[in-house]
Amino acid sequence: MCPAHGPVILTERMTKLYGDITAVDNLNLEVVEGEVFGFLGPNGAGKTTTCRILTTLTKPSSGRAFVSGFDVVTEPVKAKRGIGVVTQYQNLDGELTAYENLKLHGMLYGMEGKERKGRIAKLLQYVELEDRSSSRVSTFSGGMKRRLMIARALLHQPKVLFLDEPTVGLDAQTRRNIWALIRKINQEGATVFLTTHYIEEAEMLCDRVGIIDQGILIALDDPEQLLKVAGNIVVETLSDDGPRAKFFQNRDEASEFAASSNEDVIVRKSNLEDVFIQLTGRRVAD
Amino acid sequence: MGAYAVFWREMIILKRRLFRILASYAVSPLLFLIAFGWGMGRNLQVEGVDYLTFMIPGLIALSSMSQTFSIAMDINISRFYWMTFEEFQTAPISSVSVVLGEVFSGMVRGTLASFVILFLAFCFGVKLGVNGMLLFSVLLNTFMFGSAAVITSMVVKSHADQASFNGFFIVPMSFLCGTFFPLSRLPDWAYFMAQVLPLTHASSCIRAAALGINIPLISLMIMIIYSALFFLVAIACVKRASI
């Protein structure tokens, strides 16, 4: 993290309305260079809308948003240069080959022939697709498509990589591969902004997590700090009206409580789901 | 560069489907030639020429319009089904580049479709003047409808709406714009209405060029005005559809 460079992403009272619905409500956010920032929240919380505004696909209704110092509304072309986008749905060109998809991307970003060729070869290797370079993308599996989308987003060496639900719909093994890839990308210097509704994804990858619900940012900190505030240990009591959770700062208090209970209890480490439930009274998956 | 990238993508797709596309460009003109040319119009004289000679320039106008305009459906599908249009929208290129790339790809299709008809005409033994003015009129027509296609694909929100737009505007124009019969046969009110439609002027320019007579300058001017207008609106629409 290097605050001297100023935030890579900055939003000021950013709001997006769709008719009567407030998708994003007065969001103030700063993402600094080099971090992996995660936006955690249930479906429909406003994560994708935030991503779409920051990647210049939608205009905010009010407020402002900057990416690498450029206003996404008034200087979109400059802002776009520093952005790599991986949307949650697959948007590769199925009729083109993997190589052609990357070539198109390079051309759109004004990369010259030689530089472009070199980067494409490097990135295909990076995401382990070099032997499928001339296959049509429509023949790829979900995980391969996701990897190619990440390679495409990295081709022009963006400052910030946006990943909207990067592992949604992928199997456990592929998910782990994508996680390793994201970590590697971050270690090599790119700032990563990702949205997710998977608790473990946010915990595993993110330096800081913003929890968003119904368009409102309700908590923002590093995952450990968020867990500490909620209570590190949970004792879940299984009663007839569903599980009830009680939070403790340490093991001793928790086991004391568990021992004194007459009902069946589960003692476990808390996770970001617990934080979310404490803040909203609902589960992330609801 | 941005415009070329967009154009390059469309050309790869076109190249991959080239034979299929060329064959499809031949089907409906061939049917029109058989039905109206051979079937009904063999001994017909219209405006001093035989009916086939009259109709083929109309077919060129019609086919170059509809094949160019078919990019609207492709853009629509890439926006709402494949989502691939977002790749253009998140790229650091201007709306002008996106419009130019798409319009040029439409022009290639429309011009290819025109050549297919010229080839068919040759097979039917019809001699037409293939000259610079004919090519210019066709290119202008395809530029005009390419821009119009970009506008509709940006305004329309679904494939179904795109299809009904074709049904309401493109299909009626195909028949009412001097393509199959001279407009002088229409009652006055219909004649004036037809004058508002851009294809009317395209078919009169294309026909004049093909028959080697003077191009109606007013029609040419109207086409240029429509082209400029559609192009500018297309840029605004692409801008509005993203940022």
# chains A, B, ... in the order shown; residues from 1 in each chain; ligands from 1
call {"tool": "interface_residues", "arguments": {"of": "chain A", "to": "chain B", "cutoff": "10 Å", "atoms": "only C-alpha atoms", "output": "compact mmCIF listing (two decimals) with N, CA and C atoms, in the first residue's frame"}}
result
# COMPACT_ATOMS: atom_id res chain seq x y z
N ARG A 52 -20.09 -1.59 -12.23
CA ARG A 52 -20.44 -1.05 -13.55
C ARG A 52 -20.17 0.45 -13.63
N ILE A 53 -20.41 1.16 -12.54
CA ILE A 53 -20.12 2.60 -12.55
C ILE A 53 -18.61 2.81 -12.63
N THR A 55 -16.38 0.94 -13.83
CA THR A 55 -15.80 0.51 -15.10
C THR A 55 -16.44 1.24 -16.28
N THR A 56 -17.12 2.33 -16.02
CA THR A 56 -17.72 3.23 -17.01
C THR A 56 -18.85 2.61 -17.84
N LEU A 57 -19.48 1.57 -17.32
CA LEU A 57 -20.59 0.98 -18.08
C LEU A 57 -21.93 1.62 -17.72
N THR A 58 -22.00 2.30 -16.60
CA THR A 58 -23.22 2.96 -16.16
C THR A 58 -22.83 4.29 -15.52
N LYS A 59 -23.70 5.28 -15.67
CA LYS A 59 -23.43 6.56 -15.02
C LYS A 59 -24.03 6.58 -13.62
N VAL A 72 -14.84 9.07 -13.89
CA VAL A 72 -15.36 8.08 -14.84
C VAL A 72 -16.44 8.65 -15.75
N VAL A 73 -17.06 9.77 -15.33
CA VAL A 73 -18.12 10.35 -16.17
C VAL A 73 -17.55 11.37 -17.15
N THR A 74 -16.65 12.24 -16.66
CA THR A 74 -16.18 13.31 -17.54
C THR A 74 -14.94 12.92 -18.34
N GLU A 75 -14.18 11.94 -17.85
CA GLU A 75 -12.98 11.51 -18.60
C GLU A 75 -12.96 9.99 -18.77
N PRO A 76 -14.05 9.46 -19.33
CA PRO A 76 -14.15 7.99 -19.36
C PRO A 76 -13.03 7.30 -20.14
N VAL A 77 -12.62 7.89 -21.27
CA VAL A 77 -11.62 7.20 -22.09
C VAL A 77 -10.30 7.07 -21.33
N LYS A 78 -9.92 8.14 -20.60
CA LYS A 78 -8.69 8.09 -19.80
C LYS A 78 -8.83 7.10 -18.65
N ALA A 79 -9.99 7.12 -18.01
CA ALA A 79 -10.21 6.19 -16.89
C ALA A 79 -10.13 4.75 -17.38
N LYS A 80 -10.70 4.48 -18.56
CA LYS A 80 -10.76 3.12 -19.09
C LYS A 80 -9.38 2.52 -19.32
N ARG A 81 -8.43 3.38 -19.70
CA ARG A 81 -7.07 2.89 -19.98
C ARG A 81 -6.47 2.11 -18.83
N GLY A 82 -6.77 2.54 -17.59
CA GLY A 82 -6.14 1.91 -16.44
C GLY A 82 -6.97 0.81 -15.81
N ILE A 83 -8.04 0.40 -16.51
CA ILE A 83 -8.97 -0.55 -15.91
C ILE A 83 -8.96 -1.88 -16.67
N GLY A 84 -8.95 -2.98 -15.94
CA GLY A 84 -9.20 -4.28 -16.55
C GLY A 84 -10.49 -4.82 -15.95
N VAL A 85 -11.38 -5.34 -16.78
CA VAL A 85 -12.68 -5.74 -16.28
C VAL A 85 -12.95 -7.22 -16.54
N THR A 87 -16.23 -9.36 -16.00
CA THR A 87 -17.63 -9.31 -15.56
C THR A 87 -18.04 -10.66 -14.99
N TYR A 89 -20.65 -12.43 -15.81
CA TYR A 89 -21.08 -13.33 -16.87
C TYR A 89 -19.98 -13.38 -17.89
N GLN A 90 -19.96 -14.44 -18.65
CA GLN A 90 -18.94 -14.66 -19.65
C GLN A 90 -19.24 -13.73 -20.84
N ASN A 91 -18.34 -12.89 -21.22
CA ASN A 91 -18.60 -12.03 -22.40
C ASN A 91 -17.46 -12.09 -23.42
N LEU A 92 -16.87 -13.27 -23.53
CA LEU A 92 -15.88 -13.48 -24.58
C LEU A 92 -16.61 -13.69 -25.89
N ASP A 93 -15.89 -13.48 -26.98
CA ASP A 93 -16.49 -13.69 -28.29
C ASP A 93 -16.36 -15.16 -28.65
N GLY A 94 -17.45 -15.91 -28.55
CA GLY A 94 -17.40 -17.35 -28.73
C GLY A 94 -16.97 -17.77 -30.12
N GLU A 95 -17.24 -16.92 -31.11
CA GLU A 95 -16.91 -17.28 -32.49
C GLU A 95 -15.44 -17.05 -32.81
N LEU A 96 -14.77 -16.29 -31.95
CA LEU A 96 -13.34 -16.04 -32.17
C LEU A 96 -12.53 -17.06 -31.36
N GLU A 100 -7.60 -14.70 -30.95
CA GLU A 100 -8.28 -13.57 -31.60
C GLU A 100 -8.98 -12.67 -30.58
N ASN A 101 -9.53 -13.29 -29.53
CA ASN A 101 -10.15 -12.48 -28.48
C ASN A 101 -9.12 -11.54 -27.85
N LYS A 103 -6.26 -10.63 -29.24
CA LYS A 103 -5.77 -9.69 -30.26
C LYS A 103 -6.74 -8.51 -30.39
N LEU A 104 -8.03 -8.81 -30.43
CA LEU A 104 -9.05 -7.75 -30.51
C LEU A 104 -8.90 -6.79 -29.34
N HIS A 105 -8.73 -7.37 -28.16
CA HIS A 105 -8.59 -6.54 -26.97
C HIS A 105 -7.36 -5.63 -27.08
N GLY A 106 -6.24 -6.21 -27.50
CA GLY A 106 -5.01 -5.43 -27.66
C GLY A 106 -5.19 -4.30 -28.66
N MET A 107 -5.89 -4.60 -29.76
CA MET A 107 -6.13 -3.56 -30.77
C MET A 107 -7.00 -2.45 -30.20
N LEU A 108 -8.02 -2.84 -29.43
CA LEU A 108 -8.91 -1.83 -28.85
C LEU A 108 -8.17 -0.93 -27.87
N TYR A 109 -7.11 -1.46 -27.25
CA TYR A 109 -6.34 -0.67 -26.31
C TYR A 109 -5.12 -0.04 -26.95
N GLY A 110 -5.08 -0.07 -28.28
CA GLY A 110 -4.02 0.63 -29.00
C GLY A 110 -2.65 0.01 -28.87
N MET A 111 -2.58 -1.30 -28.60
CA MET A 111 -1.27 -1.93 -28.49
C MET A 111 -0.74 -2.27 -29.87
N GLU A 112 0.54 -2.01 -30.09
CA GLU A 112 1.15 -2.25 -31.39
C GLU A 112 1.46 -3.73 -31.59
N ALA A 153 -8.31 -9.22 -19.46
CA ALA A 153 -8.36 -8.01 -18.65
C ALA A 153 -6.98 -7.51 -18.26
call {"tool": "residues_around", "arguments": {"residues": "Met14 of chain A", "least_positions_apart": "5", "cutoff": "6 Å", "atoms": "only C-alpha atoms", "output": "number ranges by chain"}}
result
A: 26-27, 62-64
call {"tool": "select_by_dssp", "arguments": {"residues": "segment 3-215 of chain B", "states": "strand (DSSP E)", "output": "PDB file with N, CA and C atoms, in the first residue's frame"}}
result
ATOM      1  N   GLN B  45     -42.792  -3.291 -70.333  1.00  0.00           N
ATOM      2  CA  GLN B  45     -41.892  -2.155 -70.484  1.00  0.00           C
ATOM      3  C   GLN B  45     -42.244  -1.139 -69.405  1.00  0.00           C
ATOM      4  N   VAL B  46     -41.228  -0.703 -68.654  1.00  0.00           N
ATOM      5  CA  VAL B  46     -41.466   0.307 -67.637  1.00  0.00           C
ATOM      6  C   VAL B  46     -40.491   1.451 -67.845  1.00  0.00           C
ATOM      7  N   VAL B  49     -37.727   0.998 -70.430  1.00  0.00           N
ATOM      8  CA  VAL B  49     -36.830  -0.167 -70.440  1.00  0.00           C
ATOM      9  C   VAL B  49     -37.641  -1.416 -70.092  1.00  0.00           C
ATOM     10  N   ASP B  50     -37.072  -2.608 -70.354  1.00  0.00           N
ATOM     11  CA  ASP B  50     -37.830  -3.800 -69.987  1.00  0.00           C
ATOM     12  C   ASP B  50     -37.820  -3.956 -68.473  1.00  0.00           C
TER      13      ASP B  50
END
call {"tool": "residues_around", "arguments": {"residues": "Ile56 of chain B", "least_positions_apart": "5", "cutoff": "9 Å", "atoms": "only C-alpha atoms", "output": "ChimeraX atom specification"}}
result
/B:29,33,37,51,61,117-118,121,126,128,179-180,207
call {"tool": "select_by_dssp", "arguments": {"residues": "segment 124-220 of chain A", "states": "helix (DSSP H, G or I)", "output": "PyMOL selection string"}}
result
chain A and resi 124-126+130-132+137-139+142-154+172-187+199-205
call {"tool": "write_last_selection", "arguments": {"atoms": "C-alpha atoms", "output": "CSV table (one decimal), in the first residue's frame"}}
result
chain,number,residue,atom,x,y,z
A,124,LEU,CA,-1.9,-17.3,-22.5
A,125,GLN,CA,1.0,-19.0,-20.7
A,126,TYR,CA,0.1,-17.2,-17.5
A,130,GLU,CA,-1.2,-21.6,-24.5
A,131,ASP,CA,-2.1,-24.9,-26.1
A,132,ARG,CA,-5.7,-23.7,-26.8
A,137,VAL,CA,-13.8,-20.0,-27.2
A,138,SER,CA,-17.3,-21.6,-27.6
A,139,THR,CA,-15.5,-24.9,-27.1
A,142,GLY,CA,-16.4,-22.4,-17.7
A,143,GLY,CA,-13.1,-22.3,-15.9
A,144,MET,CA,-11.1,-21.9,-19.1
A,145,LYS,CA,-13.3,-19.0,-20.1
A,146,ARG,CA,-12.9,-17.4,-16.8
A,147,ARG,CA,-9.1,-17.7,-17.1
A,148,LEU,CA,-9.2,-16.3,-20.6
A,149,MET,CA,-11.3,-13.4,-19.4
A,150,ILE,CA,-8.7,-12.6,-16.7
A,151,ALA,CA,-5.9,-12.8,-19.2
A,152,ARG,CA,-7.8,-10.5,-21.5
A,153,ALA,CA,-8.4,-8.0,-18.6
A,154,LEU,CA,-4.6,-8.0,-17.8
A,172,ALA,CA,-14.3,-26.1,-6.0
A,173,GLN,CA,-11.0,-26.9,-7.7
A,174,THR,CA,-11.3,-24.3,-10.4
A,175,ARG,CA,-12.3,-21.8,-7.8
A,176,ARG,CA,-9.1,-22.5,-5.9
A,177,ASN,CA,-7.1,-22.0,-9.1
A,178,ILE,CA,-8.7,-18.7,-9.8
A,179,TRP,CA,-8.0,-17.6,-6.2
A,180,ALA,CA,-4.3,-18.5,-6.7
A,181,LEU,CA,-4.3,-16.6,-9.9
A,182,ILE,CA,-5.8,-13.5,-8.3
A,183,ARG,CA,-3.3,-13.6,-5.5
A,184,LYS,CA,-0.4,-13.8,-8.0
A,185,ILE,CA,-1.8,-10.9,-10.0
A,186,ASN,CA,-1.9,-8.8,-6.9
A,187,GLN,CA,1.6,-9.8,-5.8
A,199,ILE,CA,-17.7,-15.5,2.6
A,200,GLU,CA,-14.6,-17.6,2.3
A,201,GLU,CA,-13.6,-15.8,-0.9
A,202,ALA,CA,-13.6,-12.4,0.9
A,203,GLU,CA,-11.7,-13.9,3.9
A,204,MET,CA,-9.1,-15.7,1.8
A,205,LEU,CA,-8.3,-12.9,-0.7
